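Below: final_27.txt (compact mmCIF, C-alpha atoms)
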# COMPACT_ATOMS: atom_id res chain seq x y z
CA MET O 1264 0.00 0.00 0.00
CA PRO O 1265 1.60 3.27 -1.09
CA ILE O 1266 2.27 5.88 1.57
CA ARG O 1267 0.46 9.21 1.11
CA GLY O 1268 2.69 11.86 -0.40
CA ILE O 1269 5.47 9.53 -1.68
CA ASP O 1270 5.81 8.32 -5.29
CA PRO O 1271 5.43 4.50 -5.24
CA GLY O 1272 8.08 4.22 -7.93
CA LEU O 1273 10.85 5.50 -5.66
CA PRO O 1274 12.86 3.12 -3.48
CA GLN O 1275 11.68 3.25 0.14
CA ILE O 1276 14.55 3.75 2.65
CA SER O 1277 13.78 3.82 6.34
CA ALA O 1278 15.65 6.07 8.77
CA ARG O 1279 16.57 2.97 10.76
CA HIS O 1280 18.59 1.50 7.87
CA SER O 1281 20.03 4.74 6.52
CA GLY O 1282 21.89 5.58 9.71
CA ARG O 1283 20.25 9.02 10.11
CA ALA O 1284 16.86 10.68 9.88
CA ARG O 1285 16.04 11.34 6.20
CA THR O 1286 15.52 14.94 5.17
CA PRO O 1287 12.59 15.37 2.74
CA THR O 1288 13.76 16.09 -0.81
CA HIS O 1289 12.05 18.45 -3.20
CA PRO O 1290 10.09 16.42 -5.87
CA ALA O 1291 11.76 18.34 -8.67
CA ALA O 1292 15.14 16.98 -7.77
CA GLY O 1293 14.28 13.57 -9.32
CA LEU O 1294 15.93 10.25 -8.63
CA ASP O 1295 19.48 11.63 -8.80
CA ALA O 1296 18.84 13.76 -5.67
CA ILE O 1297 18.20 10.69 -3.46
CA PRO O 1298 21.39 9.07 -2.20
CA PRO O 1299 21.73 5.31 -2.55
CA PRO O 1300 20.86 3.14 0.45
CA PHE O 1301 23.32 2.78 3.39
CA GLU O 1302 25.59 5.65 2.25
CA ARG O 1303 26.26 8.66 4.50
CA THR O 1304 26.73 11.70 2.32
CA ASP O 1305 27.29 14.21 5.14
CA THR O 1306 30.15 12.41 6.92
CA ALA O 1307 33.55 11.56 5.43
CA LEU O 1308 34.71 7.99 5.74
CA ILE O 1309 37.42 7.47 8.34
CA ASN O 1310 39.59 5.76 5.77
CA GLU O 1311 39.83 9.03 3.83
CA PHE O 1312 42.01 10.58 6.63
CA PRO O 1313 45.71 9.60 6.92
CA PRO O 1314 46.65 7.73 10.11
CA PRO O 1315 48.05 9.95 12.94
CA GLU O 1316 51.79 10.15 13.20
CA ARG O 1317 53.09 7.95 16.00
CA PRO O 1318 55.70 9.73 18.19
CA ALA O 1319 59.18 8.35 18.37
CA ALA O 1320 59.93 5.93 21.21
CA ALA O 1321 62.13 8.50 22.93
CA GLU O 1322 59.26 11.01 22.95
CA MET O 1323 56.63 8.65 24.33
CA PRO O 1324 55.91 9.01 28.08
CA LEU O 1325 56.94 6.18 30.33
CA PRO O 1326 54.22 4.08 31.96
CA ARG O 1327 53.19 5.41 35.36
CA GLU O 1328 54.65 2.45 37.20
CA ARG O 1329 58.07 3.02 35.57
CA ARG O 1330 58.18 6.78 35.53
CA PHE O 1331 59.93 7.37 38.89
CA GLN O 1332 61.98 4.22 39.27
CA GLY O 1333 65.70 4.64 39.75
CA GLU O 1334 67.12 8.14 39.58
CA ARG O 1335 65.03 11.11 38.58
CA PRO O 1336 65.77 13.09 35.40
CA SER O 1337 68.53 15.61 35.61
CA ASP O 1338 67.74 19.12 36.76
CA ARG O 1339 68.63 22.33 34.98
CA ASN O 1340 72.25 22.08 36.07
CA GLY O 1341 72.59 18.60 34.60
CA GLU O 1342 72.98 16.94 38.02
CA ARG O 1343 71.08 13.82 38.91
CA ARG O 1344 68.46 14.29 41.63
CA PRO O 1345 68.21 11.37 44.07
CA GLN O 1346 64.84 9.67 44.33
CA ARG O 1347 62.75 10.85 47.27
CA GLY O 1348 62.02 8.07 49.71
CA PRO O 1349 58.56 7.26 51.08
CA ARG O 1350 57.14 9.59 53.69
CA PRO O 1351 57.33 8.23 57.23
CA ASP O 1352 54.00 7.18 58.63
CA ARG O 1353 52.50 9.56 61.17
CA PRO O 1354 52.04 8.00 64.60
CA LYS O 1355 48.44 7.09 65.19
CA ARG O 1356 46.59 9.41 67.56
CA ARG O 1357 45.69 7.76 70.82
CA ASP O 1358 43.13 8.08 73.58
CA VAL O 1359 44.89 10.03 76.30
CA SER O 1360 42.92 11.96 78.92
CA GLY O 1361 44.06 14.42 81.55
CA TRP O 1362 45.22 17.98 82.13
CA VAL O 1363 48.50 19.51 81.01
CA ILE O 1364 49.26 22.69 82.96
CA LEU O 1365 51.40 24.62 80.51
CA ASP O 1366 53.53 27.58 81.49
CA LYS O 1367 53.08 29.44 78.20
CA GLY O 1368 55.84 31.72 77.04
CA VAL O 1369 55.49 35.24 75.66
CA GLY O 1370 54.75 35.40 71.93
CA MET O 1371 52.85 32.11 71.62
CA THR O 1372 49.11 32.13 71.01
CA SER O 1373 46.84 29.87 73.05
CA THR O 1374 45.72 28.04 69.89
CA HIS O 1375 49.32 27.30 68.90
CA ALA O 1376 50.11 26.10 72.41
CA VAL O 1377 47.23 23.62 72.29
CA ALA O 1378 48.39 22.30 68.91
CA VAL O 1379 51.94 21.80 70.19
CA VAL O 1380 50.85 19.95 73.33
CA LYS O 1381 48.41 17.80 71.35
CA ARG O 1382 51.26 16.72 69.05
CA LEU O 1383 53.73 16.08 71.87
CA PHE O 1384 51.23 13.84 73.66
CA ASN O 1385 49.98 12.33 70.39
CA ALA O 1386 46.44 12.92 71.65
CA LYS O 1387 43.24 12.69 69.62
CA LYS O 1388 41.48 15.63 71.25
CA ALA O 1389 42.61 18.79 73.04
CA GLY O 1390 41.35 22.19 74.19
CA HIS O 1391 42.23 24.95 76.65
CA ALA O 1392 40.48 26.55 79.62
CA GLY O 1393 40.75 30.29 79.03
CA THR O 1394 42.64 32.23 76.37
CA LEU O 1395 45.93 33.83 77.34
CA ASP O 1396 47.11 36.74 75.17
CA PRO O 1397 50.32 36.24 73.14
CA LEU O 1398 52.04 39.00 75.15
CA ALA O 1399 51.10 37.26 78.41
CA SER O 1400 52.88 34.33 80.02
CA GLY O 1401 51.90 31.83 82.65
CA ILE O 1402 49.31 29.19 83.35
CA LEU O 1403 47.36 27.82 80.38
CA PRO O 1404 45.45 24.65 81.36
CA ILE O 1405 45.16 22.31 78.36
CA ALA O 1406 42.63 19.48 78.46
CA LEU O 1407 43.26 16.23 76.61
CA GLY O 1408 40.62 13.66 75.70
CA GLU O 1409 37.88 13.21 78.32
CA ALA O 1410 39.24 16.16 80.30
CA THR O 1411 37.68 18.50 77.72
CA LYS O 1412 34.32 17.72 79.37
CA THR O 1413 35.51 19.45 82.56
CA VAL O 1414 36.73 22.66 80.88
CA PRO O 1415 33.72 24.74 82.11
CA PHE O 1416 34.59 23.95 85.73
CA VAL O 1417 38.11 25.33 85.27
CA MET O 1418 36.99 28.41 83.33
CA ASP O 1419 34.53 29.28 86.10
CA GLY O 1420 37.30 29.08 88.70
CA ARG O 1421 39.23 31.96 90.22
CA LYS O 1422 42.28 33.34 88.43
CA ALA O 1423 45.39 35.09 89.73
CA TYR O 1424 47.65 37.51 87.83
CA ARG O 1425 50.76 39.56 88.32
CA PHE O 1426 50.91 42.54 85.98
CA THR O 1427 52.98 45.67 85.44
CA VAL O 1428 51.32 49.01 84.66
CA ALA O 1429 53.39 51.52 82.69
CA TRP O 1430 52.23 55.06 83.53
CA GLY O 1431 51.96 58.05 81.22
CA VAL O 1432 50.62 56.37 78.04
CA GLU O 1433 47.28 54.84 77.09
CA THR O 1434 47.07 52.67 73.97
CA ASP O 1435 44.17 51.48 71.83
CA THR O 1436 44.88 47.86 72.83
CA ASP O 1437 45.56 48.69 76.52
CA ASP O 1438 48.95 46.96 76.26
CA GLY O 1439 52.40 47.66 74.87
CA GLU O 1440 51.58 46.55 71.31
CA GLY O 1441 48.94 49.19 70.67
CA ARG O 1442 48.99 52.69 69.27
CA GLU O 1443 49.25 55.65 71.65
CA VAL O 1444 45.93 57.42 72.08
CA ALA O 1445 46.65 59.59 75.16
CA THR O 1446 49.75 60.70 77.09
CA SER O 1447 50.52 62.51 80.32
CA GLU O 1448 53.57 63.80 82.15
CA ALA O 1449 52.03 63.08 85.54
CA ARG O 1450 53.12 60.05 87.55
CA PRO O 1451 51.28 58.58 90.55
CA THR O 1452 52.83 57.89 93.92
CA ARG O 1453 52.59 54.53 95.61
CA GLU O 1454 50.15 56.00 98.13
CA ALA O 1455 47.91 57.33 95.34
CA VAL O 1456 47.80 53.92 93.64
CA GLU O 1457 47.01 52.16 96.93
CA ALA O 1458 44.19 54.61 97.63
CA ALA O 1459 42.65 53.96 94.18
CA LEU O 1460 42.75 50.16 94.24
CA PRO O 1461 39.69 49.66 96.53
CA ASN O 1462 37.52 51.25 93.83
CA PHE O 1463 38.12 48.15 91.69
CA LEU O 1464 37.32 45.52 94.32
CA GLY O 1465 34.13 43.51 94.58
CA SER O 1466 31.44 43.21 91.93
CA ILE O 1467 32.03 46.09 89.50
CA GLU O 1468 31.07 47.15 85.98
CA GLN O 1469 33.98 46.86 83.56
CA VAL O 1470 34.19 47.87 79.89
CA PRO O 1471 36.26 45.24 78.03
CA PRO O 1472 39.14 46.36 75.80
CA ARG O 1473 38.27 47.07 72.19
CA PHE O 1474 40.84 44.50 71.15
CA SER O 1475 39.19 41.50 72.81
CA ALA O 1476 37.64 38.19 71.75
CA ILE O 1477 34.10 39.33 72.57
CA LYS O 1478 31.73 38.84 69.65
CA ILE O 1479 29.74 41.74 68.18
CA GLN O 1480 27.03 40.55 65.78
CA GLY O 1481 28.98 37.36 65.14
CA GLU O 1482 32.43 38.97 64.68
CA ARG O 1483 35.30 39.28 67.12
CA ALA O 1484 35.85 42.75 68.53
CA TYR O 1485 39.57 42.68 67.73
CA ASP O 1486 38.85 41.90 64.06
CA LEU O 1487 36.54 44.91 63.80
CA ALA O 1488 39.04 47.13 65.63
CA ARG O 1489 41.87 46.10 63.31
CA GLU O 1490 39.73 47.06 60.32
CA GLY O 1491 39.40 50.57 61.71
CA GLU O 1492 35.80 50.31 62.92
CA VAL O 1493 34.80 52.11 66.10
CA VAL O 1494 34.02 49.35 68.59
CA GLU O 1495 31.72 50.20 71.49
CA LEU O 1496 31.48 47.41 74.06
CA ALA O 1497 28.86 47.40 76.79
CA PRO O 1498 30.03 47.20 80.42
CA ARG O 1499 30.07 43.75 81.99
CA ARG O 1500 29.81 42.83 85.65
CA VAL O 1501 32.97 41.13 86.95
CA GLN O 1502 34.26 40.06 90.33
CA ILE O 1503 37.66 41.23 91.63
CA ASP O 1504 38.61 39.89 95.04
CA HIS O 1505 42.17 41.10 95.59
CA LEU O 1506 44.48 43.86 94.35
CA ALA O 1507 47.82 44.58 96.01
CA ILE O 1508 50.99 46.45 95.07
CA VAL O 1509 54.10 44.27 94.84
CA GLU O 1510 56.57 46.89 93.61
CA HIS O 1511 56.41 50.58 92.68
CA THR O 1512 58.77 52.91 90.81
CA ALA O 1513 58.28 56.33 89.31
CA ASP O 1514 57.08 55.01 85.95
CA ARG O 1515 55.74 51.54 86.74
CA THR O 1516 53.77 49.61 89.35
CA VAL O 1517 53.63 45.83 89.75
CA ILE O 1518 50.25 44.61 91.03
CA GLU O 1519 48.85 41.21 91.99
CA ALA O 1520 45.19 40.46 91.32
CA GLU O 1521 42.68 37.70 92.05
CA CYS O 1522 39.48 37.81 90.03
CA GLY O 1523 36.67 35.80 88.52
CA LYS O 1524 35.66 34.77 85.03
CA GLY O 1525 35.53 37.45 82.35
CA THR O 1526 37.77 39.99 84.08
CA TYR O 1527 40.22 41.88 81.84
CA VAL O 1528 43.42 42.92 83.60
CA ARG O 1529 44.17 45.29 80.70
CA ALA O 1530 40.96 47.14 81.54
CA ILE O 1531 42.06 47.47 85.19
CA ALA O 1532 45.31 49.16 84.09
CA ARG O 1533 43.43 51.44 81.67
CA ASP O 1534 40.78 52.53 84.18
CA LEU O 1535 43.30 52.90 86.99
CA GLY O 1536 45.39 55.26 84.85
CA ARG O 1537 42.34 57.34 83.97
CA MET O 1538 41.29 57.58 87.61
CA LEU O 1539 44.77 58.75 88.64
CA GLY O 1540 44.89 61.25 85.77
CA CYS O 1541 48.15 59.89 84.33
CA TYR O 1542 46.96 57.16 81.92
CA GLY O 1543 48.46 53.69 81.83
CA HIS O 1544 48.71 50.39 79.99
CA ILE O 1545 49.88 46.83 80.63
CA ALA O 1546 53.61 46.43 80.10
CA ALA O 1547 53.86 42.83 81.35
CA LEU O 1548 51.30 40.22 82.35
CA ARG O 1549 51.62 36.78 83.89
CA ARG O 1550 48.84 34.42 84.97
CA THR O 1551 49.85 32.51 88.09
CA ARG O 1552 46.73 30.42 88.77
CA VAL O 1553 43.62 29.14 87.01
CA GLY O 1554 41.11 27.35 89.23
CA PRO O 1555 42.96 24.53 91.03
CA PHE O 1556 46.04 24.76 88.78
CA THR O 1557 49.11 26.71 89.92
CA GLU O 1558 52.69 27.24 88.86
CA ALA O 1559 53.78 24.34 91.10
CA VAL O 1560 52.44 21.74 88.64
CA ALA O 1561 53.18 23.65 85.42
CA CYS O 1562 55.49 22.50 82.64
CA THR O 1563 56.97 24.29 79.63
CA VAL O 1564 57.12 23.34 75.97
CA PRO O 1565 60.95 22.91 76.06
CA GLY O 1566 60.48 20.70 79.13
CA LEU O 1567 58.34 18.20 77.19
CA ASP O 1568 59.90 15.35 75.23
CA ASN O 1569 59.68 15.99 71.49
CA GLU O 1570 60.41 12.37 70.54
CA ASN O 1571 58.74 10.20 73.18
CA PRO O 1572 55.05 10.91 73.99
CA GLU O 1573 55.14 8.26 76.73
CA ALA O 1574 57.70 10.28 78.69
CA ASN O 1575 55.34 13.26 78.73
CA LEU O 1576 52.68 11.36 80.69
CA ALA O 1577 54.54 12.28 83.87
CA HIS O 1578 53.22 15.83 83.38
CA LEU O 1579 49.60 14.70 83.04
CA GLN O 1580 47.16 15.62 85.81
CA PRO O 1581 44.05 13.44 86.41
CA VAL O 1582 40.79 14.51 84.80
CA GLU O 1583 39.06 14.94 88.17
CA THR O 1584 41.65 17.51 89.24
CA ALA O 1585 39.49 20.08 87.47
CA LEU O 1586 36.62 19.22 89.83
CA ASP O 1587 38.46 20.45 92.91
CA GLY O 1588 35.90 21.72 95.39
CA VAL O 1589 33.03 19.68 93.87
CA PRO O 1590 31.66 16.98 96.23
CA SER O 1591 32.27 13.39 95.18
CA THR O 1592 30.61 10.07 95.88
CA ALA O 1593 31.63 6.47 95.22
CA VAL O 1594 29.10 4.26 93.41
CA SER O 1595 28.82 0.55 92.66
CA ARG O 1596 29.48 -0.97 89.25
CA ASP O 1597 25.76 -1.30 88.51
CA MET O 1598 25.17 2.34 89.43
CA ALA O 1599 28.14 3.37 87.29
CA LEU O 1600 26.66 1.57 84.29
CA ARG O 1601 23.36 3.37 84.81
CA LEU O 1602 25.10 6.74 85.01
CA MET O 1603 27.07 6.05 81.83
CA ARG O 1604 23.76 5.36 80.06
CA GLY O 1605 22.55 8.80 81.17
CA GLN O 1606 20.24 7.43 83.87
CA SER O 1607 20.02 8.89 87.36
CA VAL O 1608 20.87 6.88 90.48
CA ILE O 1609 19.75 7.17 94.09
CA LEU O 1610 22.53 8.12 96.49
CA ARG O 1611 22.54 6.47 99.88
CA GLY O 1612 24.62 7.02 102.98
CA ARG O 1613 25.11 9.97 105.26
CA ASP O 1614 28.20 11.08 103.31
CA ALA O 1615 26.30 11.38 100.03
CA PRO O 1616 26.02 14.94 98.67
CA ALA O 1617 22.69 16.51 99.57
CA ALA O 1618 22.21 18.90 96.65
CA GLY O 1619 24.10 20.76 93.94
CA LYS O 1620 27.00 19.72 91.75
CA ALA O 1621 28.68 16.38 92.40
CA PHE O 1622 30.71 13.74 90.60
CA ALA O 1623 30.75 9.97 90.94
CA THR O 1624 33.63 7.53 90.87
CA CYS O 1625 33.77 3.75 90.64
CA GLY O 1626 36.92 1.99 91.73
CA GLY O 1627 38.70 5.35 91.85
CA ILE O 1628 37.84 6.15 88.21
CA LEU O 1629 35.70 9.15 87.29
CA VAL O 1630 32.32 8.07 85.92
CA ALA O 1631 30.01 11.08 85.72
CA VAL O 1632 29.38 14.61 86.92
CA GLY O 1633 25.96 16.13 87.41
CA ASP O 1634 23.46 17.57 89.88
CA VAL O 1635 22.03 15.99 93.01
CA GLU O 1636 18.26 16.50 93.06
CA ARG O 1637 16.02 14.99 95.79
CA GLY O 1638 18.61 12.37 96.64
CA GLU O 1639 19.32 11.38 93.05
CA LEU O 1640 22.42 12.10 90.99
CA VAL O 1641 21.36 13.25 87.53
CA PRO O 1642 24.38 12.95 85.17
CA HIS O 1643 25.19 15.78 82.80
CA ARG O 1644 28.59 14.54 81.63
CA VAL O 1645 29.71 10.91 81.53
CA PHE O 1646 33.32 9.78 81.13
CA HIS O 1647 34.88 6.78 79.41
CA LEU O 1648 38.26 6.47 81.09
CA GLY O 1649 38.48 2.71 81.47
CA GLY O 1650 39.78 2.12 77.93
CA THR O 1651 42.11 5.09 77.57
CA ALA O 1652 45.81 4.49 77.08
CA ALA O 1653 46.59 6.95 79.85
CA ASN O 1654 44.48 9.12 82.06
CA ARG O 1655 46.73 9.81 84.99
CA PRO O 1656 50.46 9.81 85.82
CA ALA O 1657 52.01 6.40 86.32
Just give me the structure of the file as structure tokens.
Amino acid sequence: MPIRGIDPGLPQISARHSGRARTPTHPAAGLDAIPPPFERTDTALINEFPPPERPAAAEMPLPRERRFQGERPSDRNGERRPQRGPRPDRPKRRDVSGWVILDKGVGMTSTHAVAVVKRLFNAKKAGHAGTLDPLASGILPIALGEATKTVPFVMDGRKAYRFTVAWGVETDTDDGEGREVATSEARPTREAVEAALPNFLGSIEQVPPRFSAIKIQGERAYDLAREGEVVELAPRRVQIDHLAIVEHTADRTVIEAECGKGTYVRAIARDLGRMLGCYGHIAALRRTRVGPFTEAVACTVPGLDNENPEANLAHLQPVETALDGVPSTAVSRDMALRLMRGQSVILRGRDAPAAGKAFATCGGILVAVGDVERGELVPHRVFHLGGTAANRPA
């Protein structure tokens, strides 16, 4: 049966056999305009092109598995470069838990100090309890492993400082690295400084330095200040328990301070200089205590073994050291398992904590810390110290 619109005398070629969809041809073109079956008129045969030139053997690249065997090709000076050996395997990070009380030196950031200690102990996890400025030295508690769960207890602890105030100059950073913003020829006497110190004791309102880590709409204040923006920080309530003069000269005064969380010693020097009418800034700062950690148990980076992480365990303080002052209670194995599953347990015995914060141990190992409510210990943090490679000094 002829198809409508096609001359029955013409050979019928389907698109399936021709290799491409057929384009309708004008009737006036006649038979000569229709290509013969199975011939592609719009594509040249591959045999019409000459074969590609094969590069010489010397120009062909070596197989990947042979490319860097033996000596490497010569460098520009014609000298043979020795083959680089395989990289040594990094030691596998291990589960080590405890506190390292680092006596940080001047010039090192707190973040760098944590990274160094983490490497020297070959620990999987590390963090610090309170930033210490690069220009400051002294106690930087570094938590390893499970000790990171007790960081808030250390940060909420009391802190002690010894700092030197240089009189006559106020800087935009309130320390010796900043730009001078005010100067004075006046210098305070020891008696004048002693008379001003009580104004900074107790619970007071303190304006933090513009160059601080406080966040303003998601950005650090020191980043905004470095970009030239005017940073206005709201006053914050802080607790200062002790201020005493250690040494006084015409241009400088050394002061010891004991204060609570969030207190800026740089702000004390700034406000003290303004009150005395002579301006001032921090010339030296050392932190001597953070919570239960003092200089007596501190170690330095040069004092740690760079080759043997096992030797550094002698400087490791137990995890529960951070819980100094928190009541403790011993529990049975069954109670310890319940606590580690996040379930509360009933405390019995006249020595059991009545209310508030408390931590539980089983066989001398820290199990959980939480709150005692109506005779039950409700765990907020549980610890897995049984399987750690090290969690206390040997």
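Shell of Thr1592 of chain O at 8 Å, with all atoms listed in the file counted and residues fewer than 5 places along the chain excluded, is Asp1614, Ala1615, Pro1616, Ala1621, Phe1622, Ala1623 and Thr1624 of chain O.
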Between O:Val1645, O:Ala1406, O:Ala1561, O:Leu1535, which has the minimum distance to Leu1600 of chain O (counting only C-alpha atoms)?
-> O:Val1645
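You can rank O:Arg1611, O:Lys1478, O:Lys1367, O:His1511 by their closest distance to Arg1637 of chain O using only C-alpha atoms, and at the top of that list sits O:Arg1611.
Interatomic distance, atom CA of Thr1372 of chain O to atom CA of Leu1398 of chain O: 8.5 Å.
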The distance between atom CA of Thr1446 of chain O and atom CA of Glu1468 of chain O is 24.7 Å
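Going from atom CA of Val1630 of chain O to atom CA of Val1414 of chain O covers 16.1 Å.
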Provide an axis-aligned box for all listed atoms of segment 1562-1581 of chain O, padding each side by 4 Å; report its centre and its edge lengths in Å to one decimal, as AutoDock Vina command-line options.
--center_x 52.5 --center_y 16.3 --center_z 78.5 --size_x 24.9 --size_y 24.0 --size_z 23.9
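Nearest to Ala1585 of chain O of all the residues O:Leu1460, O:Ala1532, O:Val1553, O:Asp1435 is O:Val1553, based on all atoms listed in the file.
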